[in-house]
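Below is run-v3.cif, which holds mmCIF, C-alpha atoms.
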```cif
data_work
#
loop_
_atom_site.group_PDB
_atom_site.id
_atom_site.type_symbol
_atom_site.label_atom_id
_atom_site.label_comp_id
_atom_site.auth_asym_id
_atom_site.auth_seq_id
_atom_site.Cartn_x
_atom_site.Cartn_y
_atom_site.Cartn_z
ATOM 1 C CA MET A 1 85.876 66.799 -12.442
ATOM 2 C CA LYS A 2 83.290 64.322 -13.700
ATOM 3 C CA ARG A 3 84.389 60.721 -13.105
ATOM 4 C CA ILE A 4 83.874 59.558 -9.523
ATOM 5 C CA GLY A 5 84.681 56.239 -7.876
ATOM 6 C CA PHE A 6 82.471 55.626 -4.838
ATOM 7 C CA ILE A 7 83.170 52.895 -2.294
ATOM 8 C CA GLY A 8 80.640 52.039 0.403
ATOM 9 C CA VAL A 9 77.035 52.162 -0.795
ATOM 10 C CA GLY A 10 75.246 51.807 2.536
ATOM 11 C CA VAL A 11 72.446 53.642 4.323
ATOM 12 C CA MET A 12 73.954 57.049 3.550
ATOM 13 C CA GLY A 13 76.165 56.184 0.595
ATOM 14 C CA ARG A 14 73.305 55.164 -1.707
ATOM 15 C CA TRP A 15 71.708 58.627 -1.378
ATOM 16 C CA MET A 16 75.043 60.332 -1.887
ATOM 17 C CA VAL A 17 75.570 58.364 -5.095
ATOM 18 C CA ARG A 18 72.122 59.402 -6.297
ATOM 19 C CA ASN A 19 72.807 63.072 -5.585
ATOM 20 C CA LEU A 20 76.115 62.947 -7.435
ATOM 21 C CA MET A 21 74.447 61.379 -10.485
ATOM 22 C CA GLN A 22 71.673 63.966 -10.384
ATOM 23 C CA LYS A 23 74.342 66.679 -10.517
ATOM 24 C CA GLY A 24 75.861 65.170 -13.643
ATOM 25 C CA PHE A 25 78.758 63.177 -12.203
ATOM 26 C CA GLU A 26 79.607 59.785 -13.698
ATOM 27 C CA VAL A 27 79.702 57.448 -10.714
ATOM 28 C CA SER A 28 81.299 54.007 -10.544
ATOM 29 C CA ILE A 29 80.640 52.068 -7.354
ATOM 30 C CA TYR A 30 81.997 49.206 -5.331
ATOM 31 C CA THR A 31 80.605 47.733 -2.138
ATOM 32 C CA ARG A 32 81.008 44.366 -0.463
ATOM 33 C CA THR A 33 77.542 43.111 -1.331
ATOM 34 C CA LYS A 34 76.383 43.927 -4.854
ATOM 35 C CA ALA A 35 72.796 42.937 -4.065
ATOM 36 C CA LYS A 36 72.524 45.878 -1.668
ATOM 37 C CA ALA A 37 73.392 48.319 -4.464
ATOM 38 C CA LEU A 38 71.082 47.033 -7.201
ATOM 39 C CA ASP A 39 68.762 50.013 -6.903
ATOM 40 C CA VAL A 40 71.454 52.603 -7.646
ATOM 41 C CA ILE A 41 72.917 50.387 -10.374
ATOM 42 C CA GLN A 42 69.536 50.364 -12.070
ATOM 43 C CA GLU A 43 69.495 54.162 -11.766
ATOM 44 C CA GLY A 44 72.796 54.547 -13.617
ATOM 45 C CA ALA A 45 75.695 53.847 -11.275
ATOM 46 C CA VAL A 46 78.366 51.653 -12.878
ATOM 47 C CA TRP A 47 79.155 48.530 -10.881
ATOM 48 C CA CYS A 48 82.801 47.503 -10.440
ATOM 49 C CA ASP A 49 83.868 44.072 -9.235
ATOM 50 C CA ASP A 50 86.772 45.357 -7.156
ATOM 51 C CA ILE A 51 88.360 48.483 -5.705
ATOM 52 C CA LYS A 52 91.108 48.597 -8.315
ATOM 53 C CA THR A 53 88.619 48.824 -11.188
ATOM 54 C CA CYS A 54 86.489 51.342 -9.307
ATOM 55 C CA VAL A 55 89.279 53.864 -8.766
ATOM 56 C CA GLN A 56 91.355 53.615 -11.934
ATOM 57 C CA ASP A 57 91.206 56.703 -14.171
ATOM 58 C CA LYS A 58 88.819 58.544 -11.839
ATOM 59 C CA ASP A 59 89.065 62.241 -11.059
ATOM 60 C CA ALA A 60 88.058 61.633 -7.462
ATOM 61 C CA VAL A 61 87.393 58.678 -5.186
ATOM 62 C CA ILE A 62 84.925 58.891 -2.290
ATOM 63 C CA THR A 63 84.790 56.366 0.528
ATOM 64 C CA ILE A 64 82.230 56.013 3.302
ATOM 65 C CA VAL A 65 82.661 52.658 5.005
ATOM 66 C CA GLY A 66 82.140 51.349 8.525
ATOM 67 C CA TYR A 67 85.176 51.224 10.765
ATOM 68 C CA PRO A 68 88.823 52.339 10.794
ATOM 69 C CA LYS A 69 89.863 48.801 9.849
ATOM 70 C CA ASP A 70 87.632 49.061 6.770
ATOM 71 C CA VAL A 71 89.228 52.380 5.850
ATOM 72 C CA GLU A 72 92.684 50.836 6.120
ATOM 73 C CA GLN A 73 91.612 47.904 3.990
ATOM 74 C CA VAL A 74 90.265 49.981 1.111
ATOM 75 C CA TYR A 75 93.122 52.504 1.040
ATOM 76 C CA PHE A 76 96.232 50.394 1.571
ATOM 77 C CA GLY A 77 97.748 47.327 -0.084
ATOM 78 C CA GLU A 78 98.326 46.294 -3.696
ATOM 79 C CA ASP A 79 94.620 46.297 -4.479
ATOM 80 C CA GLY A 80 93.816 49.441 -2.493
ATOM 81 C CA ILE A 81 92.935 52.950 -3.530
ATOM 82 C CA ILE A 82 96.327 54.593 -3.050
ATOM 83 C CA ALA A 83 98.129 51.998 -5.171
ATOM 84 C CA ASN A 84 95.642 52.187 -8.027
ATOM 85 C CA ALA A 85 94.271 55.734 -8.260
ATOM 86 C CA ARG A 86 95.683 57.827 -11.082
ATOM 87 C CA PRO A 87 98.223 60.539 -10.160
ATOM 88 C CA GLY A 88 96.487 63.824 -9.438
ATOM 89 C CA ALA A 89 93.255 62.207 -8.248
ATOM 90 C CA TYR A 90 91.456 63.437 -5.127
ATOM 91 C CA LEU A 91 90.825 60.851 -2.411
ATOM 92 C CA ILE A 92 87.987 61.849 -0.096
ATOM 93 C CA ASP A 93 87.290 59.708 2.938
ATOM 94 C CA MET A 94 83.877 60.593 4.354
ATOM 95 C CA THR A 95 83.937 57.823 6.963
ATOM 96 C CA THR A 96 84.134 58.928 10.569
ATOM 97 C CA THR A 97 87.449 57.429 11.554
ATOM 98 C CA SER A 98 90.652 58.052 13.490
ATOM 99 C CA PRO A 99 92.295 61.448 12.857
ATOM 100 C CA GLN A 100 95.651 59.673 13.045
ATOM 101 C CA LEU A 101 94.601 57.282 10.290
ATOM 102 C CA SER A 102 93.526 60.243 8.142
ATOM 103 C CA VAL A 103 97.033 61.704 8.504
ATOM 104 C CA GLN A 104 98.553 58.363 7.471
ATOM 105 C CA ILE A 105 96.368 58.283 4.354
ATOM 106 C CA TYR A 106 97.263 61.884 3.543
ATOM 107 C CA GLU A 107 100.990 61.195 3.768
ATOM 108 C CA ALA A 108 100.843 57.945 1.791
ATOM 109 C CA ALA A 109 98.705 59.592 -0.888
ATOM 110 C CA ALA A 110 101.000 62.603 -1.175
ATOM 111 C CA ALA A 111 103.961 60.301 -1.765
ATOM 112 C CA ARG A 112 102.190 59.009 -4.891
ATOM 113 C CA GLY A 113 101.026 62.373 -6.190
ATOM 114 C CA LEU A 114 97.480 62.060 -4.841
ATOM 115 C CA PHE A 115 95.456 64.592 -2.835
ATOM 116 C CA ALA A 116 93.754 63.149 0.253
ATOM 117 C CA LEU A 117 91.008 64.871 2.229
ATOM 118 C CA ASP A 118 89.300 63.649 5.379
ATOM 119 C CA ALA A 119 85.703 64.799 5.070
ATOM 120 C CA PRO A 120 83.370 63.168 7.604
ATOM 121 C CA VAL A 121 79.723 64.141 7.478
ATOM 122 C CA SER A 122 76.830 64.839 9.816
ATOM 123 C CA GLY A 123 73.130 64.744 9.057
ATOM 124 C CA GLY A 124 72.356 61.039 8.864
ATOM 125 C CA ASP A 125 70.341 59.366 6.160
ATOM 126 C CA THR A 126 67.953 62.339 6.049
ATOM 127 C CA GLY A 127 70.744 64.765 5.217
ATOM 128 C CA ALA A 128 72.250 62.317 2.739
ATOM 129 C CA LYS A 129 68.897 61.946 0.977
ATOM 130 C CA LYS A 130 68.214 65.688 0.801
ATOM 131 C CA GLY A 131 71.799 66.618 -0.078
ATOM 132 C CA THR A 132 72.007 68.804 3.033
ATOM 133 C CA LEU A 133 74.872 67.113 4.865
ATOM 134 C CA SER A 134 77.332 69.044 6.973
ATOM 135 C CA ILE A 135 80.809 68.210 5.672
ATOM 136 C CA MET A 136 83.939 68.852 7.737
ATOM 137 C CA VAL A 137 87.081 68.794 5.622
ATOM 138 C CA GLY A 138 90.741 68.411 6.547
ATOM 139 C CA GLY A 139 93.717 68.439 4.183
ATOM 140 C CA ASP A 140 95.254 70.970 1.810
ATOM 141 C CA ARG A 141 93.151 74.044 1.051
ATOM 142 C CA PRO A 142 93.758 73.898 -2.745
ATOM 143 C CA ALA A 143 92.452 70.308 -2.785
ATOM 144 C CA PHE A 144 89.381 71.374 -0.814
ATOM 145 C CA ASP A 145 88.728 74.205 -3.283
ATOM 146 C CA ALA A 146 89.145 71.874 -6.257
ATOM 147 C CA CYS A 147 86.398 69.602 -4.910
ATOM 148 C CA ALA A 148 83.881 72.388 -4.272
ATOM 149 C CA ASP A 149 81.347 71.229 -6.894
ATOM 150 C CA LEU A 150 81.511 67.670 -5.642
ATOM 151 C CA PHE A 151 80.909 68.710 -2.044
ATOM 152 C CA ALA A 152 78.074 71.009 -3.137
ATOM 153 C CA ALA A 153 76.265 67.998 -4.611
ATOM 154 C CA LEU A 154 76.257 66.333 -1.202
ATOM 155 C CA GLY A 155 75.929 69.025 1.431
ATOM 156 C CA THR A 156 74.919 72.579 2.235
ATOM 157 C CA ASN A 157 77.253 73.260 5.154
ATOM 158 C CA VAL A 158 80.737 72.533 3.825
ATOM 159 C CA LEU A 159 83.650 73.971 5.772
ATOM 160 C CA TYR A 160 87.425 73.717 5.559
ATOM 161 C CA GLU A 161 88.720 72.817 9.027
ATOM 162 C CA GLY A 162 92.486 72.851 8.495
ATOM 163 C CA ARG A 163 95.265 70.346 7.955
ATOM 164 C CA ALA A 164 94.887 66.590 7.511
ATOM 165 C CA GLY A 165 92.969 65.019 10.397
ATOM 166 C CA PHE A 166 91.171 68.218 11.331
ATOM 167 C CA GLY A 167 87.985 67.134 9.554
ATOM 168 C CA GLN A 168 87.933 64.082 11.796
ATOM 169 C CA HIS A 169 88.683 66.094 14.928
ATOM 170 C CA THR A 170 85.736 68.373 14.090
ATOM 171 C CA LYS A 171 83.507 65.321 13.661
ATOM 172 C CA MET A 172 84.652 64.084 17.064
ATOM 173 C CA ALA A 173 83.486 67.389 18.549
ATOM 174 C CA ASN A 174 80.170 66.891 16.741
ATOM 175 C CA GLN A 175 79.720 63.424 18.211
ATOM 176 C CA ILE A 176 80.661 64.607 21.693
ATOM 177 C CA ALA A 177 77.963 67.289 21.489
ATOM 178 C CA LEU A 178 75.482 64.812 20.045
ATOM 179 C CA THR A 179 75.817 62.336 22.902
ATOM 180 C CA ALA A 180 74.536 64.867 25.402
ATOM 181 C CA VAL A 181 71.712 66.060 23.153
ATOM 182 C CA VAL A 182 70.310 62.571 22.456
ATOM 183 C CA ALA A 183 70.610 61.532 26.092
ATOM 184 C CA GLY A 184 69.000 64.788 27.225
ATOM 185 C CA LEU A 185 66.113 64.229 24.834
ATOM 186 C CA CYS A 186 65.609 60.723 26.210
ATOM 187 C CA GLU A 187 65.599 62.067 29.759
ATOM 188 C CA ALA A 188 63.044 64.766 28.910
ATOM 189 C CA ILE A 189 60.719 62.183 27.357
ATOM 190 C CA THR A 190 61.202 59.794 30.281
ATOM 191 C CA TYR A 191 60.490 62.562 32.799
ATOM 192 C CA ALA A 192 57.350 63.665 30.938
ATOM 193 C CA ARG A 193 55.999 60.128 30.834
ATOM 194 C CA ARG A 194 56.644 59.529 34.533
ATOM 195 C CA MET A 195 54.900 62.801 35.453
ATOM 196 C CA GLY A 196 51.874 61.927 33.333
ATOM 197 C CA LEU A 197 52.345 64.625 30.673
ATOM 198 C CA ASP A 198 51.253 64.180 27.091
ATOM 199 C CA VAL A 199 54.714 63.738 25.593
ATOM 200 C CA GLN A 200 53.891 65.149 22.178
ATOM 201 C CA THR A 201 52.373 68.256 23.710
ATOM 202 C CA MET A 202 55.459 68.651 25.866
ATOM 203 C CA LEU A 203 57.728 68.402 22.824
ATOM 204 C CA ASP A 204 55.580 70.864 20.880
ATOM 205 C CA SER A 205 55.848 73.256 23.809
ATOM 206 C CA ILE A 206 59.619 73.196 24.210
ATOM 207 C CA SER A 207 60.792 72.586 20.630
ATOM 208 C CA LYS A 208 60.534 76.243 19.585
ATOM 209 C CA GLY A 209 62.425 77.584 22.574
ATOM 210 C CA ALA A 210 65.963 77.257 23.896
ATOM 211 C CA ALA A 211 65.693 73.450 24.082
ATOM 212 C CA GLY A 212 64.813 73.081 20.417
ATOM 213 C CA SER A 213 67.196 71.118 18.192
ATOM 214 C CA TRP A 214 67.501 69.040 15.036
ATOM 215 C CA GLN A 215 67.375 65.958 17.218
ATOM 216 C CA MET A 216 64.118 67.075 18.817
ATOM 217 C CA ASP A 217 62.539 67.654 15.415
ATOM 218 C CA ASN A 218 63.823 64.491 13.736
ATOM 219 C CA THR A 219 64.729 61.923 16.372
ATOM 220 C CA ALA A 220 62.047 62.452 19.034
ATOM 221 C CA PRO A 221 59.193 61.434 16.665
ATOM 222 C CA LYS A 222 61.015 58.167 15.974
ATOM 223 C CA MET A 223 61.411 57.540 19.687
ATOM 224 C CA LEU A 224 57.705 58.105 20.277
ATOM 225 C CA SER A 225 56.582 55.873 17.400
ATOM 226 C CA GLU A 226 59.150 53.145 18.196
ATOM 227 C CA ASP A 227 60.675 53.599 14.750
ATOM 228 C CA MET A 228 64.168 52.265 15.394
ATOM 229 C CA ALA A 229 65.228 51.887 11.757
ATOM 230 C CA PRO A 230 68.835 53.070 11.492
ATOM 231 C CA GLY A 231 69.541 56.456 10.014
ATOM 232 C CA PHE A 232 72.784 55.915 11.876
ATOM 233 C CA PHE A 233 73.624 52.594 13.530
ATOM 234 C CA ILE A 234 74.244 52.317 17.260
ATOM 235 C CA LYS A 235 77.298 50.166 16.506
ATOM 236 C CA HIS A 236 78.774 52.954 14.371
ATOM 237 C CA PHE A 237 78.007 55.612 16.978
ATOM 238 C CA ILE A 238 79.813 53.482 19.558
ATOM 239 C CA LYS A 239 82.793 53.412 17.193
ATOM 240 C CA ASP A 240 82.701 57.211 16.869
ATOM 241 C CA MET A 241 82.346 57.845 20.598
ATOM 242 C CA SER A 242 85.166 55.417 21.337
ATOM 243 C CA ILE A 243 87.485 57.262 18.951
ATOM 244 C CA ALA A 244 86.502 60.593 20.539
ATOM 245 C CA ASP A 245 87.175 59.209 24.009
ATOM 246 C CA GLN A 246 90.571 57.875 22.922
ATOM 247 C CA GLU A 247 91.561 61.136 21.225
ATOM 248 C CA ALA A 248 90.543 63.133 24.300
ATOM 249 C CA GLY A 249 92.728 60.879 26.411
ATOM 250 C CA THR A 250 95.784 61.618 24.266
ATOM 251 C CA VAL A 251 95.644 65.260 25.385
ATOM 252 C CA GLY A 252 94.614 64.570 28.976
ATOM 253 C CA LEU A 253 90.939 65.502 28.675
ATOM 254 C CA GLU A 254 88.180 63.877 30.725
ATOM 255 C CA MET A 255 84.792 63.620 28.998
ATOM 256 C CA PRO A 256 82.402 62.326 31.695
ATOM 257 C CA VAL A 257 79.160 62.847 29.724
ATOM 258 C CA LEU A 258 80.605 61.231 26.613
ATOM 259 C CA ARG A 259 81.840 58.251 28.607
ATOM 260 C CA GLN A 260 78.537 57.751 30.441
ATOM 261 C CA VAL A 261 76.459 57.821 27.256
ATOM 262 C CA LEU A 262 78.982 55.541 25.558
ATOM 263 C CA GLU A 263 78.440 52.975 28.323
ATOM 264 C CA MET A 264 74.656 53.227 27.835
ATOM 265 C CA TYR A 265 75.015 52.455 24.150
ATOM 266 C CA ARG A 266 77.449 49.625 24.836
ATOM 267 C CA GLU A 267 74.854 48.071 27.124
ATOM 268 C CA LEU A 268 72.259 48.243 24.339
ATOM 269 C CA GLU A 269 74.731 46.685 21.893
ATOM 270 C CA ALA A 270 75.400 43.870 24.351
ATOM 271 C CA GLN A 271 71.644 43.238 24.347
ATOM 272 C CA GLY A 272 71.659 42.813 20.561
ATOM 273 C CA GLU A 273 70.535 46.318 19.571
ATOM 274 C CA GLY A 274 73.683 47.449 17.752
ATOM 275 C CA ASP A 275 71.957 47.445 14.362
ATOM 276 C CA LEU A 276 69.188 49.777 15.535
ATOM 277 C CA GLY A 277 69.296 53.535 15.058
ATOM 278 C CA THR A 278 70.770 55.837 17.690
ATOM 279 C CA GLN A 279 67.233 56.829 18.741
ATOM 280 C CA ALA A 280 67.027 53.411 20.436
ATOM 281 C CA LEU A 281 68.821 54.976 23.408
ATOM 282 C CA ILE A 282 65.272 55.559 24.647
ATOM 283 C CA HIS A 283 65.164 51.797 25.355
ATOM 284 C CA TYR A 284 67.823 52.288 28.019
ATOM 285 C CA TYR A 285 65.583 54.806 29.778
ATOM 286 C CA ASN A 286 62.389 52.825 29.231
ATOM 287 C CA LYS A 287 63.749 50.134 31.547
ATOM 288 C CA GLN A 288 63.486 52.595 34.433
ATOM 289 C CA GLY A 289 59.716 52.446 34.124
ATOM 290 C CA ASN A 290 59.584 48.661 34.400
#
```

Produce structure tokens that represent the structure in this file.
Amino acid sequence: MKRIGFIGVGVMGRWMVRNLMQKGFEVSIYTRTKAKALDVIQEGAVWCDDIKTCVQDKDAVITIVGYPKDVEQVYFGEDGIIANARPGAYLIDMTTTSPQLSVQIYEAAAARGLFALDAPVSGGDTGAKKGTLSIMVGGDRPAFDACADLFAALGTNVLYEGRAGFGQHTKMANQIALTAVVAGLCEAITYARRMGLDVQTMLDSISKGAAGSWQMDNTAPKMLSEDMAPGFFIKHFIKDMSIADQEAGTVGLEMPVLRQVLEMYRELEAQGEGDLGTQALIHYYNKQGN
């Protein structure tokens, strides 16, 4: 497996393309705005003017786009991936999207002799850059095994979760856990500030104990320095949390922490902060000090 079509060269996608090329894969790319992909084109990625050209004759096609509607657009229709990928190709959607949509893609792909996997990722732009993403994969086990080298170029924690849609369900669990961790980190920082502690000293003190986490090591410094550049957009996290909330509702589950943090982020988006990174949740808490 050498020839890869890659659709969606954004904050994370550009690093994933680079890692694939460094591992010897031939990568053709398509994204809505060519100007945003000029750097990886100059580094060897082959630009395609449309999806059809990008996916034809490829061994595998990877997508990582924004929203479920974007996933539908790139996979379905006369000019979409399913209609134009060669029989036997592997279609790997790494977008965080609806588990139900992943099942629809799997079934439509299978009808045309294609192998679809839902493989959302966790680790943000840092993990994408370092090639250390966590990848949660749903679909047929033989298809997962066939893509092992490709996944190894992108991540270090790659697990098969089960049938189609299960990769997405696992990512929903990830996002549910993440909401509480980020909010808890914001509350710890807010508490320390109000009590007059040196916040960095506080973080140094608790980061090696039971409260330590990836978020504390990577996100807290951004909160303290007011670095709100998006490793992961608020608007995309809202999309993820909304899907998780909807999926929980289908099986009668109440997720009070998820829903409360979702409302916090929606308030920030309403204030024009949707294009900031998820660490900007600290702005919600900062208002309590005003």

For this session: Rounded to one decimal place, report the CA of Thr156 in chain A-CA of Thr132 in chain A distance in Å.
Result: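 So the two atoms, CA of Thr156 in chain A and CA of Thr132 in chain A, lie 4.8 Å apart.
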
Exercise. CA of Met94 in chain A and CA of Val46 in chain A, how far apart in Å?
Worked result: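 Straight-line distance from CA of Val46 in chain A to CA of Met94 in chain A works out to 20.2 Å.
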
Seminar exercise, completed: The distance between CA of Thr250 in chain A and CA of Ile234 in chain A is 24.5 Å

Problem set entry | Surrounding residues of Leu159 in chain A excluding itself and chain neighbours under 6 positions, 12 Å, only C-alpha atoms, as a ChimeraX atom specification | /A:118-121,133-139,141,144-145,147-148,151-152,166-167,170-171

Exercise. What's the 9 Å shell around Arg86 in chain A, counting all atoms listed in the file, without same-chain residues fewer than 5 positions away, as an MDAnalysis selection string?
Worked result: chainID A and resid 55:59 113:114

Suppose we keep C-alpha atoms; can you now write the selection as a PDB file, keeping the file's coordinate frame?
```pdb
ATOM      1  CA  VAL A  55      89.279  53.864  -8.766  1.00  0.00           C
ATOM      2  CA  GLN A  56      91.355  53.615 -11.934  1.00  0.00           C
ATOM      3  CA  ASP A  57      91.206  56.703 -14.171  1.00  0.00           C
ATOM      4  CA  LYS A  58      88.819  58.544 -11.839  1.00  0.00           C
ATOM      5  CA  ASP A  59      89.065  62.241 -11.059  1.00  0.00           C
ATOM      6  CA  GLY A 113     101.026  62.373  -6.190  1.00  0.00           C
ATOM      7  CA  LEU A 114      97.480  62.060  -4.841  1.00  0.00           C
TER       8      LEU A 114
END
```

Exercise. For this file, the PyMOL selection byres ((chain A and resi 97) around 10) selects which residues, as a VMD selection string?
Worked result: chain A and resid 64 to 71 93 to 96 98 to 102 118 to 120 165 167 to 169 171 to 172 239 to 240 243 to 244

Exercise. How would you write, as a PyMOL selection string, the residues chosen by the PyMOL selection byres ((chain A and resi 14-17) around 12) on this structure?
Worked result: chain A and resi 4-13+18-31+36-41+43-47+61-65+94+121+123-133+150-155+231

With the file shown as input, list the residues that the PyMOL selection byres ((chain A and resi 187) around 12) selects, as a compact mmCIF listing (two decimals) with C-alpha atoms, in the frame of the given file.
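Written output follows (result-v8.txt):
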```
# COMPACT_ATOMS: atom_id res chain seq x y z
CA ALA A 180 74.54 64.87 25.40
CA VAL A 181 71.71 66.06 23.15
CA VAL A 182 70.31 62.57 22.46
CA ALA A 183 70.61 61.53 26.09
CA GLY A 184 69.00 64.79 27.22
CA LEU A 185 66.11 64.23 24.83
CA CYS A 186 65.61 60.72 26.21
CA ALA A 188 63.04 64.77 28.91
CA ILE A 189 60.72 62.18 27.36
CA THR A 190 61.20 59.79 30.28
CA TYR A 191 60.49 62.56 32.80
CA ALA A 192 57.35 63.66 30.94
CA ARG A 193 56.00 60.13 30.83
CA ARG A 194 56.64 59.53 34.53
CA VAL A 199 54.71 63.74 25.59
CA ALA A 220 62.05 62.45 19.03
CA MET A 223 61.41 57.54 19.69
CA VAL A 261 76.46 57.82 27.26
CA LEU A 281 68.82 54.98 23.41
CA ILE A 282 65.27 55.56 24.65
CA HIS A 283 65.16 51.80 25.36
CA TYR A 284 67.82 52.29 28.02
CA TYR A 285 65.58 54.81 29.78
CA ASN A 286 62.39 52.82 29.23
CA GLN A 288 63.49 52.60 34.43
```
